[in-house]
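In what follows, a structure is listed as structure tokens, so that the remarks can point back to it.
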Amino acid sequence: MSAPAAAPADVVPTAARRERMQPVSTPVGLWIGVTSVVMALLALGLVGLRSIDQRRSSVATVDDDATPMVVSAVELYVALAAADAAASTSFVRTGPESAELRARYIDEIGRAQQELATISQAPGLSGASEEALATIFDGLISYTGRIETARTNDRFNVPVGFAYQRSASQVMRDEMLPAATTIYRDAAGRLDRGLREGRAPEAEVLLIAVVIVALLTLIGVHVFVTRRTRRWLNIGLIAAVVVVLAVTVWLASGLASQRNTFGRAQLDGSEPLLVHSVARILALQSLSDENLDLILSGTDPAPMADFETMVERMGGRDGRSGLLAQAREAAGDDPDARARVEAIVARYVDYLAAHDRVRAAADRYDYPAAIELAVGEQAAASDALDAALTAEIDRVRGELERGGEEAFDRLRWMPPVLVMATVMAGAAALAGLWPRLREYR
Amino acid sequence: MSARNRLAATTAVGSALVVLLAGCGLNTNESGAIANLDLLPGTSTTSTTTSAPTARQRQCDEADLATASFPPADSLDPPPGSFVDQLRREGRIRVGVDENTIGFSVRNSNTGELEGFEVELAHAIAERVFGSAYRPQMVELVPLVTDDKVRFVQDRAVDMTISAVSMSCSRWEKVSFSREYFTAHQEFLVRSDSDISSVDDLDGRTVCVTAGSSSIGIMDKHVPGAVLLPVAARTDCLVALQYGEADAYFGHDSFLYGMRLQDPTVVILSDLLDPALTVSHYGIAINREHEDFVRFVNAVLDSLIEQTVWQQSADTWIEGVVGIPDPTPPAADYRRSD
């Protein structure tokens, strides 16, 4: 190693010829080599850090932002729809106001306000979501005002109370619930995007590309050194190559593992979360349809037509199609998962059976009886269905969050290790090249 | 290292990386569940339509036949095969009614039942239809909004509608009417602090009307400067007035008196329009196929008026509850048999 290199001093004609044929002199070549190695390793470090950071921010979006937002948006929708269900059934019932339904209404409005506060503080709300939030804030004032006017008029048996109740439900259904749907749609879209970006192969592809560049640079420099100095092995450069390869394998397998964890989180977490939360929204929308039909005494066919659409999307008459079919398919052959789906389907079928009894009374124009059934049996069946869906949503949310945390853990040590590895590789390469350079001083 | 060797080394490193990448499983599937967002509920809309007058309608208008019904049946015991006979066999009669009009037909929020002058009329007719077999539950009261009052009769979704339906030649095109059972006038309801005191004041103002009602035709013809706000139910106009969304409500005095009971801060402006232009003759709407039933109902109405059943019910509900003074039965107007 310490033996003098082929210096231009001891000129051999062939060597001189070769030297003349070289585009650069050895010291210049060595300096170019050093610079390229430093640049390539710098690029490796920076691009690697950026790739990891991209993944981390996607994972953070999913964990800290989109998942809680999806859940909050569903809760908001549910609280609003449940408040309207309580207010409208309480209104159409005969006799003195039910203290229980009144308490429920107050609770649900309070819950809606809490969710509104949570959502309005969430980072990165889209313009559409912010607009939707404003609509709900405004709507809540108009809605609750109309409900109280309806109640007061109803106390005095004044028919305009009906008109206020109808107008309140209209504000809820035409303005507030669609706005809540917008917020949910946005959040679900963000969750889906976060999961997809958190699995996007660009991060690995880019990393591999800079690794190849770094390796080729190191190898190229090694070849140059070998040729010019007639030394077969440069330990420093070899060590740099080994470090780069090792850290690459470690990073790539870590990213791949994070991607797989995320894939599982999507499959076991976010997909069923979306299926069940949309089902929950549809179920409550159908209850709202039925209640509106009872307030209107069937004078408008639109609510019941909407009911049928919601039922069709949820699972059809027997729970064998629509979202419930998707849930069943996703459960596959896993007996536990199947049992959970079947439990939800059973609640769904009960709910439709209660609905049929309400319809039978409404079809006879026996609205007092229909309303008693709606307030009693159907409300209970709807609560049971909602509880079953909520339990499944909580469970899959757990899966999603676990997956998200695991994914985050996978990425935790990547930046310091990458920085350390590039520094080490750089140091090794420089240590290998420094003696050669010194020979030309 | 020869060029070939270098190439081999590079290829080896490259292929190792390719294997590594392939092992990662580079395919990121599009999420399937996100498509379910399209299943989320949207909003629904409703619309109404109007039709142009026919030649027969013009004839009716020219001969002033809007309030002229078919002569009453000679007997209240119609022959087998008649519509009444059919109703008797079915054991029920479906009657379209409103549920927000105090004194005429309104749902009592304490009992949940419909009550009022028109509800009593429905039961009185049912008593004559079913005779000794009559039971109150045989009368199926179908709540209808104004826009559906005539359509449900046309579609046979109800056997008759008793819901302040104003007899008109355009409606005779769709249904038949019984003889008139109540005479109303259409007036304006405004807030007591309103500055409206003449038709001219209504220029550019918002006037609430019930969608599908005869009020729209009168407004279009005689107060074209007003901006109409059509709503589904009559009480929706009171809400519009209370919210300031409308400056006035144009409707039948039979409703407006009831509205005043619900809100003491509104007043009725009488005779802003010539009463001859706003008079409304209420008839019971019956399907055009059932002329025999129209005649039967007319015989019943005649006898109810003759036996002062009409007067007793009107005194209780229309005068007693709504506060319209001295209700009197309208005179019968029958078409000559041809």
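Letters for chains follow the order of the structure tokens (A, B, ...), residue numbers begin at 1 for each chain, and ligand numbers begin at 1 in the order shown.
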
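Summary of the local environment: counting only C-alpha atoms, residues at most 9 Å from Val321 in chain B, other than itself and those fewer than 6 positions away along its chain, are Ile102, Gly103, Gly258 and Asp315 of chain B.
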
The selected residues should be written to file as a JSON list (two decimals), in the first residue's frame (atoms: C-alpha atoms).
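Saved file part-v2.json follows:
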[["chain", "number", "residue", "atom", "x", "y", "z"],
["B", 102, "ILE", "CA", -107.91, 24.22, 12.94],
["B", 103, "GLY", "CA", -111.65, 23.58, 13.10],
["B", 258, "GLY", "CA", -107.29, 29.44, 12.59],
["B", 315, "ASP", "CA", -121.50, 26.00, 15.00]]

Within 7 Å of chain B: each chain A residue with its shortest pair, only C-alpha atoms, as a tab-separated table:
residue	atom	partner	partner_atom	distance
A:Thr94	CA	B:Asn110	CA	5.1
A:Gly95	CA	B:Asn110	CA	4.8
A:Asp154	CA	B:Ser109	CA	6.8
A:Asn157	CA	B:Ser109	CA	5.5
A:Val158	CA	B:Gln262	CA	5.9
A:Pro159	CA	B:Asn100	CA	5.4
A:Val160	CA	B:Thr235	CA	5.3
A:Ala163	CA	B:Asp236	CA	5.3
A:Tyr164	CA	B:Val239	CA	6.9
A:Asp174	CA	B:Thr43	CA	6.0
A:Pro178	CA	B:Gly42	CA	6.5
A:Arg185	CA	B:Leu37	CA	6.4
A:Asp192	CA	B:Ser31	CA	6.9
A:Arg196	CA	B:Thr28	CA	6.8
A:Arg199	CA	B:Thr28	CA	6.4
A:Ala200	CA	B:Thr28	CA	6.5
A:Pro201	CA	B:Leu26	CA	5.8
A:Val223	CA	B:Met1	CA	6.4
A:Ala256	CA	B:Cys24	CA	5.1
A:Glu271	CA	B:Ala33	CA	5.1
A:Leu274	CA	B:Ala33	CA	6.1
A:Val275	CA	B:Ala33	CA	6.2
A:Val278	CA	B:Leu40	CA	6.6
A:Leu282	CA	B:Leu40	CA	6.7
A:Ser297	CA	B:Pro143	CA	6.1
A:Thr299	CA	B:Leu144	CA	5.3
A:Arg313	CA	B:Leu39	CA	6.5
A:Tyr365	CA	B:Val142	CA	6.1
A:Pro368	CA	B:Gly112	CA	5.7

Report as an MDAnalysis selection string: the residues of range 268-363 of chain A with a DSSP assignment of alpha helix (DSSP H), based on the backbone of this structure.
chainID A and resid 271:295 302:314 322:331 335:363

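Residues surrounding Glu175 in chain A within 8 Å are A:Thr135, A:Ile136, A:Gly139, A:Gln170, A:Val171, A:Ala179 [only C-alpha atoms; sequence separation below 4 positions excluded].
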
Given only C-alpha atoms as the counted atoms, nearest of B:Leu114, B:Ala184, B:Met219, B:Leu121 to Ser280 in chain B
B:Ala184

Need the shell around range 103-111 of chain A: protein/DNA/RNA residues with any atom at most 10 Å away, counting only C-alpha atoms. Skip same-chain ones fewer than 2 positions apart. Format as an MDAnalysis selection string?
chainID A and resid 75:76 78:88 90 98:101 113:117 140 144

Per residue of range 244-306 of chain B within 7 Å of range 82-87 of chain B, record the nearest atom pair and its distance in Å to one decimal, counting only C-alpha atoms, with rows in chain order and ascending residue number, as a tab-separated table.
residue	atom	partner	partner_atom	distance
B:His290	CA	B:Phe83	CA	6.7
B:Asp292	CA	B:Phe83	CA	6.9
B:Phe293	CA	B:Phe83	CA	6.1

Write out the residues from the selection above, keeping C-alpha atoms, as a short mmCIF file (atom, residue, chain, number, x, y, z; two decimals), in the first residue's frame.
data_model
loop_
_atom_site.label_atom_id
_atom_site.label_comp_id
_atom_site.auth_asym_id
_atom_site.auth_seq_id
_atom_site.Cartn_x
_atom_site.Cartn_y
_atom_site.Cartn_z
CA HIS B 290 -118.07 7.51 -9.81
CA ASP B 292 -123.26 7.58 -8.85
CA PHE B 293 -121.23 8.24 -5.72
#

Test item: residues at most 7 Å from Tyr282 in chain B, only C-alpha atoms, excluding those fewer than 6 positions along its chain, as a PyMOL selection string:
chain B and resi 164-167+180-183

Next, write the just-selected residues to a file, as a PDB file, in the first residue's frame, keeping N, CA and C atoms as the atom set.
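File selection.pdb, as written:
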ATOM      1  N   ALA B 164    -111.081  21.368   1.911  1.00  0.00           N
ATOM      2  CA  ALA B 164    -111.114  22.734   1.402  1.00  0.00           C
ATOM      3  C   ALA B 164    -110.689  22.808  -0.056  1.00  0.00           C
ATOM      4  N   VAL B 165    -111.206  21.868  -0.869  1.00  0.00           N
ATOM      5  CA  VAL B 165    -110.876  21.892  -2.290  1.00  0.00           C
ATOM      6  C   VAL B 165    -111.834  22.864  -2.981  1.00  0.00           C
ATOM      7  N   SER B 166    -111.293  23.938  -3.570  1.00  0.00           N
ATOM      8  CA  SER B 166    -112.133  24.902  -4.266  1.00  0.00           C
ATOM      9  C   SER B 166    -112.556  24.322  -5.609  1.00  0.00           C
ATOM     10  N   MET B 167    -113.852  24.372  -5.867  1.00  0.00           N
ATOM     11  CA  MET B 167    -114.366  23.836  -7.134  1.00  0.00           C
ATOM     12  C   MET B 167    -113.972  24.799  -8.253  1.00  0.00           C
ATOM     13  N   GLU B 180    -121.575  22.141  -3.279  1.00  0.00           N
ATOM     14  CA  GLU B 180    -120.741  22.935  -2.374  1.00  0.00           C
ATOM     15  C   GLU B 180    -121.145  22.674  -0.921  1.00  0.00           C
ATOM     16  N   TYR B 181    -120.162  22.523  -0.019  1.00  0.00           N
ATOM     17  CA  TYR B 181    -120.503  22.322   1.395  1.00  0.00           C
ATOM     18  C   TYR B 181    -120.034  23.475   2.279  1.00  0.00           C
ATOM     19  N   PHE B 182    -119.218  24.371   1.715  1.00  0.00           N
ATOM     20  CA  PHE B 182    -118.800  25.542   2.507  1.00  0.00           C
ATOM     21  C   PHE B 182    -118.320  26.625   1.547  1.00  0.00           C
ATOM     22  N   THR B 183    -118.610  27.885   1.890  1.00  0.00           N
ATOM     23  CA  THR B 183    -118.147  28.999   1.071  1.00  0.00           C
ATOM     24  C   THR B 183    -117.090  29.776   1.851  1.00  0.00           C
TER      25      THR B 183
END

For CA of Trp232 in chain A and CA of Gly220 in chain A, determine how far apart the two atoms are, in Å to one decimal place.
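Answer for the CA of Trp232 in chain A to CA of Gly220 in chain A separation: 13.3 Å.
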
Can you list, as a PyMOL selection string, every protein, DNA or RNA residue that comes within 10 Å of Pro272 in chain A when you count only C-alpha atoms, leaving out same-chain residues fewer than 2 positions away?
(chain A and resi 266-270+274-278+323+326-327+330-331+392-393+395-397+400) or (chain B and resi 33)

Give me the residues near Ala360 in chain A as a PyMOL selection string, where near means some atom within 10 Å (using only C-alpha atoms) and where sequence neighbours in that chain fewer than 5 positions away do not count.
chain A and resi 354-355+365-366+369-370

Those residues you just picked out, can you put them in a file as an mmCIF file, in the first residue's frame with N, CA and C atoms?
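Final output, result.cif:
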data_model
loop_
_atom_site.group_PDB
_atom_site.id
_atom_site.type_symbol
_atom_site.label_atom_id
_atom_site.label_comp_id
_atom_site.auth_asym_id
_atom_site.auth_seq_id
_atom_site.Cartn_x
_atom_site.Cartn_y
_atom_site.Cartn_z
ATOM 1 N N ALA A 354 -88.918 -4.459 12.440
ATOM 2 C CA ALA A 354 -89.598 -3.396 13.188
ATOM 3 C C ALA A 354 -90.143 -2.353 12.213
ATOM 4 N N HIS A 355 -89.335 -2.045 11.201
ATOM 5 C CA HIS A 355 -89.768 -1.099 10.167
ATOM 6 C C HIS A 355 -91.044 -1.595 9.483
ATOM 7 N N TYR A 365 -103.014 4.113 7.707
ATOM 8 C CA TYR A 365 -103.142 5.506 8.138
ATOM 9 C C TYR A 365 -103.380 5.597 9.635
ATOM 10 N N ASP A 366 -102.961 4.551 10.345
ATOM 11 C CA ASP A 366 -103.079 4.579 11.798
ATOM 12 C C ASP A 366 -101.770 5.163 12.328
ATOM 13 N N ALA A 369 -100.589 4.619 16.078
ATOM 14 C CA ALA A 369 -100.000 3.292 16.315
ATOM 15 C C ALA A 369 -98.614 3.199 15.680
ATOM 16 N N ALA A 370 -98.492 3.725 14.447
ATOM 17 C CA ALA A 370 -97.201 3.679 13.754
ATOM 18 C C ALA A 370 -96.137 4.409 14.567
#
